[in-house]
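Participant: One structure is given below, represented as structure tokens, and several questions about it will come after.
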Amino acid sequence: MKLLKEPLVHFLLIGVALFVLFDVVGSEDAAYDSKVIVVDRDALLTFVQFRTRAFEPRVAAERLDALTPAELERMIDDYVREEALHREALALGMDENDYVIKRRLIQSIEFITNGFVTAATEVSEADLEEYFEANASNYYIAPYATFTHVYFNADNRSREEATSLADAKLAELNEQRVQFSDAPRHGERFPYFVNYVEREPTFVASHFGEPMAEAVFELEPGDRWHGPFQSAYGVHLVMLTRKQEGRLPELDEVVESVRVDAEREAVDEQQDRAIRAIVDTYEVRRDLVAPAEATESP
């Protein structure tokens, strides 16, 4: 089979085999004298690596050597407690037909295969460009706008009156060339914000409603006030100072995000292939005949 000829799969199978062998040998040693727990450096190094979920012996050794005497004693206590409870569970046969334990063992193998695959997987620049071209829509940069507004409440007065106040204020704001930063000095207190900086349409609509959000994004940036605009809360005058249309970015703008996603996908694909190679080493025999059917005579 082609997969079994690939170096990565060989590397992975050897790694998993060593892990299984370590587990078997460990079990045999425990069975030899199940009431003796040997705490040595190798045992603690393995314990550190499983606890940190990072199978790097050098790093584990550095962490172990950096422990204070008190921290070392706590680690030994944790190791002995875990080992004792594990052996008691095995002695009681709790590992047999326990689906939770089965799932944990499967997850352990999947975690180890992921570690091997991650270490052996590289994404080239060509792979990066190919991935980006195939998934460019995932990196779409939504439109956004920067604006401020002056608000007139329509709860404590009629909407017509609020609109009249806004009309009069609009003329005043433009005649006096009131700036973006001076907006809070005019109008009334709004339930949300006065200034909206680089906000997307969905966010603006959540505060002002779809109709007003659409109207705001149709404005041209500048130093003039526009309106009145209607929202569920009342009437608004708006100064839009910046607007960015939605667009698909160039690769160099989002290269780090693309690299992370491309590497994740490559690792997932390689892990799936490697696990399939492991599964393919087993013979599968199907016996799906229902018990009632199996006992019926022809």
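If you're wondering about the labels, chains in the structure tokens are A, B, ... by order shown, residues count from 1 in each chain, ligands from 1 in order shown.
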Taking the DSSP assignment computed from this structure's backbone, write out as a ChimeraX atom specification all residues of stretch 37-180 of chain A that belong to strand (DSSP E or B).
Facilitator: /A:141,144-153
Participant: Could you pull out all residues of stretch 76-200 of chain A with a DSSP call of helix (DSSP H, G or I) and give them as a count of residues only?
Facilitator: 75
Participant: For A:Asp252, which residue out of A:Glu71, A:Phe132, A:Arg87, A:Asn114 is the nearest one, using only C-alpha atoms?
Facilitator: A:Phe132
Participant: Please provide as a ChimeraX atom specification all residues within 10 Å of A:Ala145, with the sequence filter that same-chain residues fewer than 5 positions apart are discarded (counting only C-alpha atoms).
Facilitator: /A:196-201,204,216-217,219,221,240-245
Participant: Could you state the separation of atom CA of A:Ala215 and atom CA of A:Ser231 in Å, given to one decimal place?
Facilitator: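 If I compute the distance from atom CA of A:Ala215 to atom CA of A:Ser231, I get 11.1 Å.
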Participant: Atom CA of A:Leu173 and atom CA of A:Phe147 are how many Å apart?
Facilitator: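 A separation of 14.8 Å between them.
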Participant: For A:Glu83, please output as a PyMOL selection string all residues within 12 Å (counting only C-alpha atoms; exclusion window: fewer than 3 positions along the same chain).
Facilitator: chain A and resi 26-27+30+34-39+43-44+47+76-80+86-90
Participant: Kindly export the residues of the current selection with C-alpha atoms, as a PDB file, in the first residue's frame.
Facilitator:
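The resulting file, out.pdb, is reproduced below:
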ATOM      1  CA  GLY A  26       5.426  -0.937  32.196  1.00  0.00           C
ATOM      2  CA  SER A  27       2.401  -3.140  32.826  1.00  0.00           C
ATOM      3  CA  ALA A  30       3.946  -3.480  37.660  1.00  0.00           C
ATOM      4  CA  SER A  34       2.268  -4.536  42.001  1.00  0.00           C
ATOM      5  CA  LYS A  35       2.837  -3.109  45.475  1.00  0.00           C
ATOM      6  CA  VAL A  36       6.206  -1.550  44.695  1.00  0.00           C
ATOM      7  CA  ILE A  37       6.279   1.877  43.032  1.00  0.00           C
ATOM      8  CA  VAL A  38       9.727   2.813  41.805  1.00  0.00           C
ATOM      9  CA  VAL A  39      10.293   6.557  41.563  1.00  0.00           C
ATOM     10  CA  ALA A  43       9.696   7.731  35.589  1.00  0.00           C
ATOM     11  CA  LEU A  44       9.518  11.401  36.559  1.00  0.00           C
ATOM     12  CA  PHE A  47       5.442  11.863  34.111  1.00  0.00           C
ATOM     13  CA  ILE A  76       6.742  12.656  43.573  1.00  0.00           C
ATOM     14  CA  ASP A  77       3.584  12.617  45.700  1.00  0.00           C
ATOM     15  CA  ASP A  78       1.467  13.276  42.581  1.00  0.00           C
ATOM     16  CA  TYR A  79       3.259  10.548  40.642  1.00  0.00           C
ATOM     17  CA  VAL A  80       2.902   7.969  43.445  1.00  0.00           C
ATOM     18  CA  HIS A  86      -3.979   3.330  38.301  1.00  0.00           C
ATOM     19  CA  ARG A  87      -2.779  -0.033  39.583  1.00  0.00           C
ATOM     20  CA  GLU A  88      -5.805  -0.403  41.856  1.00  0.00           C
ATOM     21  CA  ALA A  89      -8.112   0.326  38.937  1.00  0.00           C
ATOM     22  CA  LEU A  90      -6.321  -2.320  36.831  1.00  0.00           C
TER      23      LEU A  90
END
Participant: Report, in Å to a single decimal, how far apart atom CA of A:Glu110 and atom CA of A:Glu129 are.
Facilitator: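 Separation of atom CA of A:Glu129 and atom CA of A:Glu110: 28.9 Å.
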Participant: Ranking A:Ala266, A:Ile278, A:Val258, A:Ile141 by minimum distance to A:Leu128 and counting only C-alpha atoms, which one comes first?
Facilitator: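 Of all the options, A:Val258 lies closest to A:Leu128.
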Participant: What's the 9 Å shell around A:Leu45, counting only C-alpha atoms, without same-chain residues fewer than 2 positions away, as a PyMOL selection string?
Facilitator: chain A and resi 40-43+47-50+57+60-61+64
Participant: Those same residues - N, CA and C atoms - I'd like them written as a PDB file, in the first residue's frame.
Facilitator:
ATOM      1  N   ASP A  40      12.023   6.884  39.909  1.00  0.00           N
ATOM      2  CA  ASP A  40      13.361   7.240  39.457  1.00  0.00           C
ATOM      3  C   ASP A  40      13.267   8.390  38.458  1.00  0.00           C
ATOM      4  N   ARG A  41      14.402   8.802  37.957  1.00  0.00           N
ATOM      5  CA  ARG A  41      14.431   9.968  37.066  1.00  0.00           C
ATOM      6  C   ARG A  41      13.647   9.707  35.782  1.00  0.00           C
ATOM      7  N   ASP A  42      13.811   8.511  35.223  1.00  0.00           N
ATOM      8  CA  ASP A  42      13.094   8.196  33.982  1.00  0.00           C
ATOM      9  C   ASP A  42      11.586   8.253  34.184  1.00  0.00           C
ATOM     10  N   ALA A  43      11.136   7.716  35.311  1.00  0.00           N
ATOM     11  CA  ALA A  43       9.696   7.731  35.589  1.00  0.00           C
ATOM     12  C   ALA A  43       9.185   9.162  35.703  1.00  0.00           C
ATOM     13  N   PHE A  47       6.580  11.245  33.424  1.00  0.00           N
ATOM     14  CA  PHE A  47       5.442  11.863  34.111  1.00  0.00           C
ATOM     15  C   PHE A  47       5.321  13.342  33.714  1.00  0.00           C
ATOM     16  N   VAL A  48       6.451  14.047  33.695  1.00  0.00           N
ATOM     17  CA  VAL A  48       6.443  15.470  33.322  1.00  0.00           C
ATOM     18  C   VAL A  48       5.947  15.650  31.899  1.00  0.00           C
ATOM     19  N   GLN A  49       6.404  14.791  30.993  1.00  0.00           N
ATOM     20  CA  GLN A  49       6.019  14.939  29.588  1.00  0.00           C
ATOM     21  C   GLN A  49       4.530  14.689  29.384  1.00  0.00           C
ATOM     22  N   PHE A  50       3.978  13.709  30.066  1.00  0.00           N
ATOM     23  CA  PHE A  50       2.546  13.461  29.929  1.00  0.00           C
ATOM     24  C   PHE A  50       1.728  14.564  30.596  1.00  0.00           C
ATOM     25  N   PRO A  57      11.987  15.328  25.682  1.00  0.00           N
ATOM     26  CA  PRO A  57      12.807  14.907  26.827  1.00  0.00           C
ATOM     27  C   PRO A  57      13.730  16.001  27.355  1.00  0.00           C
ATOM     28  N   ALA A  60      11.678  18.475  29.282  1.00  0.00           N
ATOM     29  CA  ALA A  60      11.224  17.844  30.518  1.00  0.00           C
ATOM     30  C   ALA A  60      12.357  17.770  31.539  1.00  0.00           C
ATOM     31  N   ALA A  61      13.562  17.450  31.069  1.00  0.00           N
ATOM     32  CA  ALA A  61      14.710  17.367  31.973  1.00  0.00           C
ATOM     33  C   ALA A  61      15.016  18.738  32.576  1.00  0.00           C
ATOM     34  N   LEU A  64      12.428  19.446  35.213  1.00  0.00           N
ATOM     35  CA  LEU A  64      12.638  18.616  36.395  1.00  0.00           C
ATOM     36  C   LEU A  64      13.798  19.142  37.228  1.00  0.00           C
TER      37      LEU A  64
END
Participant: Might you pull out every residue within 10 Å of A:Phe190, with only C-alpha atoms counted and same-chain residues fewer than 5 positions away left off, and present them as JSON, numbers by chain?
Facilitator: {"A": [149, 150, 151, 152, 153, 184, 233, 234, 236]}
Participant: Just checking: using only C-alpha atoms, which residue out of A:Arg159, A:Lys169, A:His186, A:Arg273 ends up closest to A:Gln230?
Facilitator: A:Arg159
Participant: Between A:Pro143, A:Gly209, A:Gly187, A:Gly115, which has the minimum distance to A:Leu237 (counting only C-alpha atoms)?
Facilitator: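 Closest to A:Leu237 of all the choices is A:Gly187.
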Participant: Rank nothing, just name the residue among A:Leu72, A:Val284, A:Ala154, A:Val238 nearest to A:Trp225, using only C-alpha atoms.
Facilitator: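 When distances to A:Trp225 are compared using only C-alpha atoms, the smallest one comes from A:Val238.
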